[in-house]
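K.L.:
File follows, run-v2.cif with mmCIF, C-alpha atoms:
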```
data_coords
loop_
_atom_site.group_PDB
_atom_site.id
_atom_site.type_symbol
_atom_site.label_atom_id
_atom_site.label_comp_id
_atom_site.auth_asym_id
_atom_site.auth_seq_id
_atom_site.Cartn_x
_atom_site.Cartn_y
_atom_site.Cartn_z
ATOM 1 C CA MET Z 27 117.568 142.098 112.564
ATOM 2 C CA HIS Z 28 118.334 138.470 111.745
ATOM 3 C CA PRO Z 29 115.493 136.039 112.619
ATOM 4 C CA ILE Z 30 117.531 134.187 115.255
ATOM 5 C CA ASP Z 31 118.318 137.448 117.063
ATOM 6 C CA ARG Z 32 114.649 138.134 117.768
ATOM 7 C CA SER Z 33 112.775 136.805 120.762
ATOM 8 C CA ILE Z 34 110.147 134.238 119.847
ATOM 9 C CA PHE Z 35 107.295 136.662 120.545
ATOM 10 C CA ASP Z 36 108.962 139.378 118.445
ATOM 11 C CA ASP Z 37 109.296 136.826 115.662
ATOM 12 C CA LEU Z 38 105.612 135.891 115.875
ATOM 13 C CA ARG Z 39 104.590 139.549 115.969
ATOM 14 C CA ALA Z 40 106.807 140.382 112.998
ATOM 15 C CA GLY Z 41 105.525 137.351 111.094
ATOM 16 C CA PHE Z 42 101.881 138.316 111.501
ATOM 17 C CA SER Z 43 102.687 141.900 110.496
ATOM 18 C CA GLN Z 44 103.990 140.673 107.114
ATOM 19 C CA ALA Z 45 100.576 139.520 105.959
ATOM 20 C CA LYS Z 46 101.074 140.814 102.410
ATOM 21 C CA LEU Z 47 104.211 138.700 102.027
ATOM 22 C CA TRP Z 48 102.852 135.376 103.280
ATOM 23 C CA LYS Z 49 99.556 135.834 101.470
ATOM 24 C CA PHE Z 50 101.443 136.474 98.233
ATOM 25 C CA LEU Z 51 103.688 133.438 98.760
ATOM 26 C CA ALA Z 52 100.696 131.210 99.528
ATOM 27 C CA GLN Z 53 98.770 132.322 96.455
ATOM 28 C CA ARG Z 54 101.850 131.890 94.284
ATOM 29 C CA GLU Z 55 102.408 128.342 95.568
ATOM 30 C CA ILE Z 56 98.831 127.354 94.757
ATOM 31 C CA ALA Z 57 99.121 128.913 91.303
ATOM 32 C CA ARG Z 58 102.386 127.057 90.644
ATOM 33 C CA GLN Z 59 100.912 123.720 91.697
ATOM 34 C CA TYR Z 60 98.294 124.009 88.936
ATOM 35 C CA ASP Z 61 100.456 125.853 86.421
ATOM 36 C CA ARG Z 62 99.831 124.908 82.768
ATOM 37 C CA THR Z 63 96.687 122.936 83.605
ATOM 38 C CA ALA Z 64 93.510 123.662 81.691
ATOM 39 C CA ILE Z 65 91.271 124.358 84.695
ATOM 40 C CA GLY Z 66 93.828 125.449 87.325
ATOM 41 C CA VAL Z 67 92.648 125.454 90.954
ATOM 42 C CA PHE Z 68 89.307 124.006 89.875
ATOM 43 C CA TRP Z 69 91.095 120.652 90.096
ATOM 44 C CA ILE Z 70 90.629 120.912 93.882
ATOM 45 C CA PRO Z 71 86.795 120.788 93.849
ATOM 46 C CA LEU Z 72 86.848 118.432 90.866
ATOM 47 C CA ASN Z 73 88.972 115.932 92.794
ATOM 48 C CA ILE Z 74 86.465 116.048 95.641
ATOM 49 C CA LEU Z 75 83.616 115.435 93.217
ATOM 50 C CA PHE Z 76 85.430 112.477 91.601
ATOM 51 C CA HIS Z 77 86.247 111.046 95.019
ATOM 52 C CA PHE Z 78 82.638 111.336 96.131
ATOM 53 C CA CYS Z 79 81.208 109.790 92.962
ATOM 54 C CA LEU Z 80 83.591 106.833 93.026
ATOM 55 C CA LEU Z 81 84.230 105.939 96.673
ATOM 56 C CA GLY Z 82 80.986 107.373 98.020
ATOM 57 C CA LEU Z 83 78.799 105.280 95.752
ATOM 58 C CA VAL Z 84 80.939 102.150 96.147
ATOM 59 C CA TYR Z 85 81.188 102.278 99.951
ATOM 60 C CA SER Z 86 77.508 103.111 100.390
ATOM 61 C CA ALA Z 87 76.683 99.920 98.487
ATOM 62 C CA VAL Z 88 79.353 97.710 100.072
ATOM 63 C CA LEU Z 89 78.703 98.804 103.665
ATOM 64 C CA GLY Z 90 74.961 99.141 103.268
ATOM 65 C CA HIS Z 91 74.809 102.751 104.431
ATOM 66 C CA SER Z 92 71.567 104.674 104.495
ATOM 67 C CA LYS Z 93 70.770 107.724 102.371
ATOM 68 C CA GLY Z 94 72.243 109.974 105.076
ATOM 69 C CA TYR Z 95 75.674 108.582 104.255
ATOM 70 C CA PHE Z 96 76.100 110.765 101.167
ATOM 71 C CA PRO Z 97 75.934 114.151 102.946
ATOM 72 C CA TYR Z 98 78.093 112.702 105.734
ATOM 73 C CA PHE Z 99 80.816 111.503 103.377
ATOM 74 C CA ALA Z 100 80.754 114.625 101.166
ATOM 75 C CA LEU Z 101 81.276 116.969 104.131
ATOM 76 C CA SER Z 102 83.754 114.674 105.860
ATOM 77 C CA TYR Z 103 85.953 114.364 102.799
ATOM 78 C CA SER Z 104 85.847 118.066 101.896
ATOM 79 C CA ILE Z 105 87.026 118.886 105.447
ATOM 80 C CA TRP Z 106 89.581 116.067 105.446
ATOM 81 C CA THR Z 107 91.099 117.386 102.187
ATOM 82 C CA THR Z 108 92.594 120.316 104.081
ATOM 83 C CA PHE Z 109 93.821 118.183 106.957
ATOM 84 C CA GLY Z 110 95.393 115.642 104.619
ATOM 85 C CA ARG Z 111 97.260 118.466 102.905
ATOM 86 C CA THR Z 112 98.313 119.761 106.314
ATOM 87 C CA LEU Z 113 100.156 116.536 107.018
ATOM 88 C CA SER Z 114 101.652 116.289 103.534
ATOM 89 C CA GLU Z 115 102.758 119.884 103.042
ATOM 90 C CA SER Z 116 104.027 120.426 106.583
ATOM 91 C CA SER Z 117 106.688 117.803 105.939
ATOM 92 C CA THR Z 118 108.095 119.934 103.095
ATOM 93 C CA LEU Z 119 107.286 123.406 104.424
ATOM 94 C CA TRP Z 120 110.870 124.673 104.608
ATOM 95 C CA ARG Z 121 111.824 123.450 101.156
ATOM 96 C CA GLY Z 122 112.734 126.399 98.946
ATOM 97 C CA SER Z 123 112.949 128.874 101.835
ATOM 98 C CA GLU Z 124 116.766 128.852 102.073
ATOM 99 C CA LYS Z 125 117.253 132.120 100.196
ATOM 100 C CA TYR Z 126 114.776 133.950 102.402
ATOM 101 C CA LEU Z 127 116.241 132.632 105.653
ATOM 102 C CA GLN Z 128 119.884 133.073 104.694
ATOM 103 C CA GLN Z 129 119.793 136.375 102.805
ATOM 104 C CA PHE Z 130 116.886 138.305 104.287
ATOM 105 C CA SER Z 131 115.631 139.104 107.765
ATOM 106 C CA THR Z 132 112.351 137.276 107.206
ATOM 107 C CA PRO Z 133 110.782 136.060 110.477
ATOM 108 C CA ILE Z 134 110.644 132.293 110.825
ATOM 109 C CA SER Z 135 106.912 132.448 111.588
ATOM 110 C CA THR Z 136 106.242 134.031 108.184
ATOM 111 C CA PHE Z 137 106.659 130.647 106.507
ATOM 112 C CA ILE Z 138 104.296 128.987 108.952
ATOM 113 C CA ASN Z 139 101.727 131.730 108.364
ATOM 114 C CA LYS Z 140 102.143 131.221 104.621
ATOM 115 C CA SER Z 141 101.464 127.512 104.903
ATOM 116 C CA VAL Z 142 98.418 127.940 107.158
ATOM 117 C CA TYR Z 143 96.990 130.652 104.895
ATOM 118 C CA LYS Z 144 97.486 128.375 101.896
ATOM 119 C CA LEU Z 145 95.573 125.640 103.709
ATOM 120 C CA LEU Z 146 92.818 128.139 104.532
ATOM 121 C CA LEU Z 147 92.464 129.014 100.851
ATOM 122 C CA ILE Z 148 92.238 125.324 99.958
ATOM 123 C CA PHE Z 149 89.643 124.868 102.718
ATOM 124 C CA LEU Z 150 87.547 127.749 101.350
ATOM 125 C CA ILE Z 151 87.600 126.092 97.937
ATOM 126 C CA SER Z 152 86.925 122.561 99.196
ATOM 127 C CA LEU Z 153 84.206 123.040 101.819
ATOM 128 C CA PRO Z 154 81.590 124.662 99.524
ATOM 129 C CA VAL Z 155 81.811 121.590 97.274
ATOM 130 C CA GLY Z 156 80.993 119.340 100.217
ATOM 131 C CA ILE Z 157 78.160 121.631 101.294
ATOM 132 C CA VAL Z 158 76.592 121.659 97.814
ATOM 133 C CA ILE Z 159 76.835 117.870 97.478
ATOM 134 C CA SER Z 160 75.383 117.377 100.966
ATOM 135 C CA LEU Z 161 72.423 119.650 100.195
ATOM 136 C CA VAL Z 162 71.762 117.915 96.879
ATOM 137 C CA THR Z 163 71.884 114.487 98.544
ATOM 138 C CA GLY Z 164 69.498 115.344 101.350
ATOM 139 C CA ALA Z 165 71.155 117.362 104.143
ATOM 140 C CA ARG Z 166 68.861 119.931 105.731
ATOM 141 C CA PRO Z 167 70.861 121.933 108.283
ATOM 142 C CA GLY Z 168 69.041 124.400 110.531
ATOM 143 C CA PHE Z 169 70.336 127.155 112.775
ATOM 144 C CA SER Z 170 72.968 124.767 114.084
ATOM 145 C CA VAL Z 171 74.937 125.597 110.929
ATOM 146 C CA LEU Z 172 76.147 128.731 112.742
ATOM 147 C CA LEU Z 173 78.134 126.502 115.100
ATOM 148 C CA ALA Z 174 80.346 125.583 112.160
ATOM 149 C CA ILE Z 175 81.929 129.064 112.336
ATOM 150 C CA PRO Z 176 83.558 128.642 115.771
ATOM 151 C CA GLY Z 177 84.286 125.074 114.703
ATOM 152 C CA ILE Z 178 86.361 126.397 111.790
ATOM 153 C CA VAL Z 179 88.230 128.752 114.132
ATOM 154 C CA VAL Z 180 89.136 125.902 116.498
ATOM 155 C CA TYR Z 181 89.987 123.685 113.515
ATOM 156 C CA PHE Z 182 92.577 126.163 112.226
ATOM 157 C CA ALA Z 183 93.904 126.878 115.713
ATOM 158 C CA ASN Z 184 94.869 123.205 115.718
ATOM 159 C CA ILE Z 185 96.138 123.346 112.134
ATOM 160 C CA TYR Z 186 98.553 126.117 113.151
ATOM 161 C CA TRP Z 187 100.360 124.124 115.820
ATOM 162 C CA ILE Z 188 100.339 120.925 113.767
ATOM 163 C CA VAL Z 189 102.021 122.741 110.861
ATOM 164 C CA THR Z 190 104.598 124.269 113.205
ATOM 165 C CA VAL Z 191 105.551 121.129 115.100
ATOM 166 C CA LEU Z 192 105.368 118.728 112.168
ATOM 167 C CA SER Z 193 107.389 120.982 109.851
ATOM 168 C CA ILE Z 194 110.231 121.267 112.372
ATOM 169 C CA ALA Z 195 110.173 117.526 113.129
ATOM 170 C CA SER Z 196 110.172 116.654 109.414
ATOM 171 C CA LEU Z 197 113.097 118.965 108.745
ATOM 172 C CA ARG Z 198 115.137 117.414 111.537
ATOM 173 C CA PHE Z 199 114.148 113.819 110.794
ATOM 174 C CA ARG Z 200 114.024 113.522 107.001
ATOM 175 C CA ASP Z 201 112.640 109.974 107.133
ATOM 176 C CA LEU Z 202 109.388 111.379 108.513
ATOM 177 C CA ALA Z 203 108.760 113.267 105.268
ATOM 178 C CA ARG Z 204 109.382 110.088 103.280
ATOM 179 C CA PHE Z 205 106.911 108.139 105.394
ATOM 180 C CA MET Z 206 104.262 110.882 105.453
ATOM 181 C CA PRO Z 207 102.206 109.604 102.451
ATOM 182 C CA ASN Z 208 101.729 106.332 104.331
ATOM 183 C CA ILE Z 209 100.697 108.200 107.477
ATOM 184 C CA VAL Z 210 98.151 110.269 105.542
ATOM 185 C CA PHE Z 211 96.655 107.147 103.961
ATOM 186 C CA LEU Z 212 96.437 105.265 107.261
ATOM 187 C CA VAL Z 213 94.897 108.241 109.074
ATOM 188 C CA TYR Z 214 92.338 108.592 106.291
ATOM 189 C CA LEU Z 215 91.262 104.973 106.576
ATOM 190 C CA THR Z 216 91.108 104.899 110.394
ATOM 191 C CA THR Z 217 89.188 108.175 110.760
ATOM 192 C CA PRO Z 218 85.374 108.089 110.358
ATOM 193 C CA ILE Z 219 85.272 109.613 106.873
ATOM 194 C CA LEU Z 220 84.491 106.708 104.563
ATOM 195 C CA TRP Z 221 82.543 105.033 107.353
ATOM 196 C CA GLN Z 222 80.117 106.379 109.961
ATOM 197 C CA VAL Z 223 80.540 106.147 113.717
ATOM 198 C CA THR Z 224 76.967 104.893 113.971
ATOM 199 C CA ARG Z 225 78.143 101.663 112.337
ATOM 200 C CA LEU Z 226 80.137 100.897 115.483
ATOM 201 C CA SER Z 227 78.548 99.181 118.460
ATOM 202 C CA GLU Z 228 78.511 101.039 121.775
ATOM 203 C CA ASP Z 229 81.452 99.081 123.145
ATOM 204 C CA LYS Z 230 83.548 99.986 120.093
ATOM 205 C CA ARG Z 231 82.825 103.730 119.894
ATOM 206 C CA TRP Z 232 86.205 104.314 121.542
ATOM 207 C CA ILE Z 233 87.809 103.575 118.162
ATOM 208 C CA ALA Z 234 86.464 106.898 116.906
ATOM 209 C CA GLU Z 235 86.527 108.822 120.186
ATOM 210 C CA ILE Z 236 90.270 108.358 120.768
ATOM 211 C CA ASN Z 237 90.933 109.811 117.307
ATOM 212 C CA PRO Z 238 91.420 113.601 117.617
ATOM 213 C CA ILE Z 239 90.953 114.093 113.874
ATOM 214 C CA TYR Z 240 87.437 112.670 114.164
ATOM 215 C CA HIS Z 241 86.664 115.380 116.706
ATOM 216 C CA LEU Z 242 88.182 118.122 114.512
ATOM 217 C CA ILE Z 243 86.035 117.091 111.552
ATOM 218 C CA SER Z 244 82.936 116.777 113.769
ATOM 219 C CA LEU Z 245 83.183 120.434 114.837
ATOM 220 C CA ILE Z 246 82.426 121.523 111.272
ATOM 221 C CA ARG Z 247 80.612 118.556 109.764
ATOM 222 C CA ASP Z 248 77.958 117.983 112.436
ATOM 223 C CA PRO Z 249 76.511 121.538 112.408
ATOM 224 C CA LEU Z 250 76.354 121.400 108.606
ATOM 225 C CA LEU Z 251 74.397 118.146 108.897
ATOM 226 C CA GLY Z 252 71.891 119.776 111.225
ATOM 227 C CA HIS Z 253 73.021 118.930 114.760
ATOM 228 C CA PRO Z 254 75.680 120.291 117.147
ATOM 229 C CA ALA Z 255 79.002 118.518 117.546
ATOM 230 C CA PRO Z 256 79.354 116.461 120.751
ATOM 231 C CA MET Z 257 80.647 118.329 123.797
ATOM 232 C CA LEU Z 258 83.507 115.840 123.945
ATOM 233 C CA SER Z 259 84.685 117.036 120.527
ATOM 234 C CA TRP Z 260 84.753 120.664 121.701
ATOM 235 C CA ILE Z 261 86.688 119.734 124.833
ATOM 236 C CA VAL Z 262 89.237 117.639 122.916
ATOM 237 C CA CYS Z 263 89.796 120.220 120.176
ATOM 238 C CA ILE Z 264 89.957 123.325 122.368
ATOM 239 C CA SER Z 265 92.288 121.564 124.788
ATOM 240 C CA GLY Z 266 94.395 120.382 121.864
ATOM 241 C CA ALA Z 267 94.600 123.895 120.444
ATOM 242 C CA ILE Z 268 95.773 125.369 123.766
ATOM 243 C CA VAL Z 269 98.308 122.668 124.613
ATOM 244 C CA GLY Z 270 99.437 122.256 121.006
ATOM 245 C CA ASN Z 271 100.152 125.942 120.459
ATOM 246 C CA ILE Z 272 102.100 126.116 123.722
ATOM 247 C CA ILE Z 273 104.229 123.245 122.421
ATOM 248 C CA ALA Z 274 104.542 124.997 119.050
ATOM 249 C CA VAL Z 275 105.835 128.222 120.650
ATOM 250 C CA TRP Z 276 108.307 126.186 122.682
ATOM 251 C CA ALA Z 277 109.447 124.305 119.569
ATOM 252 C CA LEU Z 278 109.984 127.537 117.652
ATOM 253 C CA LYS Z 279 111.891 129.047 120.553
ATOM 254 C CA ALA Z 280 114.085 125.970 120.984
ATOM 255 C CA PHE Z 281 114.802 125.092 117.348
ATOM 256 C CA ARG Z 282 114.242 128.107 115.099
ATOM 257 C CA TRP Z 283 117.932 129.008 115.088
ATOM 258 C CA ARG Z 284 118.706 125.491 113.836
ATOM 259 C CA ILE Z 285 116.261 125.586 110.924
ATOM 260 C CA PRO Z 286 118.690 127.353 108.505
ATOM 261 C CA LEU Z 287 121.386 124.846 109.518
ATOM 262 C CA TRP Z 288 119.127 121.847 108.924
ATOM 263 C CA LEU Z 289 118.226 123.118 105.471
#
```
Using the file provided, produce a representation of the structure as structure tokens.

P.N.:
Amino acid sequence: MHPIDRSIFDDLRAGFSQAKLWKFLAQREIARQYDRTAIGVFWIPLNILFHFCLLGLVYSAVLGHSKGYFPYFALSYSIWTTFGRTLSESSTLWRGSEKYLQQFSTPISTFINKSVYKLLLIFLISLPVGIVISLVTGARPGFSVLLAIPGIVVYFANIYWIVTVLSIASLRFRDLARFMPNIVFLVYLTTPILWQVTRLSEDKRWIAEINPIYHLISLIRDPLLGHPAPMLSWIVCISGAIVGNIIAVWALKAFRWRIPLWL
């Protein structure tokens, strides 16, 4: 059956059933990105370490942060690494998929699953680096660390709909993909990663609280620092996951038959 002849729920079901395919494609993409390099995928944790040593030390001195800044920044950046890649790679998700969509009956959702699984692998490589750095620089998490597990689940529930919606929008509006590096950079600077929310006065906390990415990072970072994430962060992220995935299903249903044409 051709992908556009399936109902959207049949497509999603068929896509999840092809786990071997999208896992293989994800692993192959990561391998190709670091092909012919001396250390391969170890560039991912090494980049985090370089980033921490350079920007972490500089910003802690410039902004006058306390010792607790180092664990905060290490965890924030290791979590952000996956989200930054989500924005960047979603804009080019369908590139190279023409032969699968035009010659085979591969479900549309297979490519979304591939991208999300690839991001999960990158996350599983990146986060331990942040955890190790945070422990070395003074973090002492307690039993609250267990709350990071549901935080990761909610985090990737949001990643799934962001990948779906952004990939379709970027395919339809090619200028969005061109502008995406600027968006990633601006989001990075305006999200509390390099700087701590505690540096803001009470009347300016809204700068962080209106940023949904701050809440996504808090779900994982805060438990690893030794305290639960704010209830507001859970409400924002769970609500975002529910509403976002409803929009994603609608977007797939409305536009999936146009994806091969837009390629």

K.L.:
Can you list what the PyMOL selection byres ((chain Z and resi 276) around 12) grabs from this structure, as a CSV table (one decimal) with C-alpha atoms, keeping the file's coordinate frame?

P.N.:
```
chain,number,residue,atom,x,y,z
Z,33,SER,CA,112.8,136.8,120.8
Z,34,ILE,CA,110.1,134.2,119.8
Z,35,PHE,CA,107.3,136.7,120.5
Z,187,TRP,CA,100.4,124.1,115.8
Z,190,THR,CA,104.6,124.3,113.2
Z,191,VAL,CA,105.6,121.1,115.1
Z,194,ILE,CA,110.2,121.3,112.4
Z,269,VAL,CA,98.3,122.7,124.6
Z,270,GLY,CA,99.4,122.3,121.0
Z,271,ASN,CA,100.2,125.9,120.5
Z,272,ILE,CA,102.1,126.1,123.7
Z,273,ILE,CA,104.2,123.2,122.4
Z,274,ALA,CA,104.5,125.0,119.0
Z,275,VAL,CA,105.8,128.2,120.6
Z,277,ALA,CA,109.4,124.3,119.6
Z,278,LEU,CA,110.0,127.5,117.7
Z,279,LYS,CA,111.9,129.0,120.6
Z,280,ALA,CA,114.1,126.0,121.0
Z,281,PHE,CA,114.8,125.1,117.3
Z,282,ARG,CA,114.2,128.1,115.1
```

K.L.:
Could you spell out the hits of the PyMOL selection byres ((chain Z and resi 37) around 12) on the shown file, as a ChimeraX atom specification?

P.N.:
/Z:27-36,38-44,131-139,275,278-279,282-283

K.L.:
Counting all atoms listed in the file, which residues in stretch 150-254 of chain Z sit no more than 12 Å from stretch 55-67 of chain Z? For each one, give the nearest pair of atoms and the distance in Å, sorted by chain then residue number, as CSV.

P.N.:
```
residue,atom,partner,partner_atom,distance
Z:Leu150,CA,Z:Val67,CA,11.8
Z:Ile151,CA,Z:Val67,CA,8.6
Z:Ser152,CA,Z:Val67,CA,10.4
```

K.L.:
Just say which residues the PyMOL selection byres ((chain Z and resi 71-75) around 7) picks in this file, as number ranges by chain.

P.N.:
Z: 68-70, 76-79, 104, 151-152, 155

K.L.:
Please produce a file of the residues just selected, as a PDB file, in the frame of the given file, where the atoms kept are C-alpha atoms.

P.N.:
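Done, and the output landed in part26.pdb:
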```pdb
ATOM      1  CA  PHE Z  68      89.307 124.006  89.875  1.00  0.00           C
ATOM      2  CA  TRP Z  69      91.095 120.652  90.096  1.00  0.00           C
ATOM      3  CA  ILE Z  70      90.629 120.912  93.882  1.00  0.00           C
ATOM      4  CA  PHE Z  76      85.430 112.477  91.601  1.00  0.00           C
ATOM      5  CA  HIS Z  77      86.247 111.046  95.019  1.00  0.00           C
ATOM      6  CA  PHE Z  78      82.638 111.336  96.131  1.00  0.00           C
ATOM      7  CA  CYS Z  79      81.208 109.790  92.962  1.00  0.00           C
ATOM      8  CA  SER Z 104      85.847 118.066 101.896  1.00  0.00           C
ATOM      9  CA  ILE Z 151      87.600 126.092  97.937  1.00  0.00           C
ATOM     10  CA  SER Z 152      86.925 122.561  99.196  1.00  0.00           C
ATOM     11  CA  VAL Z 155      81.811 121.590  97.274  1.00  0.00           C
TER      12      VAL Z 155
END
```

K.L.:
Find, counting only C-alpha atoms, the residue in Z:Ile209, Z:Ala174, Z:Ala267, Z:Ile105 that gets nearest to Z:Leu146.

P.N.:
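Of all the options, Z:Ile105 lies closest to Z:Leu146.
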
K.L.:
Would you kindly return, as a PyMOL selection string, each protein, DNA or RNA residue with an atom no farther than 10 Å from any atom of Z:Pro249, considering all atoms listed in the file and excluding same-chain residues fewer than 6 positions away?

P.N.:
chain Z and resi 167-175+177+255

K.L.:
Residues within 9 Å of Z:Thr163, please, as a list in words. Count only C-alpha atoms; anything in the same chain fewer than 6 positions from it doesn't count.

P.N.:
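Contacts, with the query itself left out: Lys93, Gly94, Phe96 and Pro97 of chain Z.
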
K.L.:
Z:Ser259, Z:Phe149, Z:Gly164, Z:Ile268: which is nearest Z:Ile239, counting all atoms listed in the file?

P.N.:
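Of the candidates, the smallest distance to Z:Ile239 is held by Z:Ser259.
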
K.L.:
Interatomic distance between atom CA of Z:Ile264 and atom CA of Z:Thr217?

P.N.:
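Calculated distance between atom CA of Z:Ile264 and atom CA of Z:Thr217 is 19.1 Å.
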
K.L.:
Choose the residue, out of Z:Lys140, Z:Arg121, Z:Arg111, Z:Arg247, that has the smallest atom-to-atom separation from Z:Ala45; count all atoms listed in the file.

P.N.:
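Closest residue, counting all atoms listed in the file: Z:Lys140.
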
K.L.:
Quick one: of Z:Leu220, Z:Leu212, Z:Ile157, Z:Ala195, who's nearest to Z:Val88, counting only C-alpha atoms?

P.N.:
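Checking each candidate against Z:Val88, we get Z:Leu220 as the closest.
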
K.L.:
In Å, rounded to a single decimal, give me how far atom CA of Z:Leu119 is from atom CA of Z:Tyr214.

P.N.:
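Interatomic distance here is 21.1 Å.
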
K.L.:
Tell me, as a PyMOL selection string, which residues lie within 9 Å of stretch 198-203 of chain Z, counting all atoms listed in the file; anything in the same chain fewer than 2 positions away does not count.

P.N.:
chain Z and resi 114+116-118+193-196+205-207+285+288-289

K.L.:
So the first atom is atom CA of Z:Cys263 and the second is atom CA of Z:Val158; what is the distance between them in Å, to one decimal place?

P.N.:
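Spanning atom CA of Z:Cys263 to atom CA of Z:Val158 is a straight-line distance of 26.0 Å.
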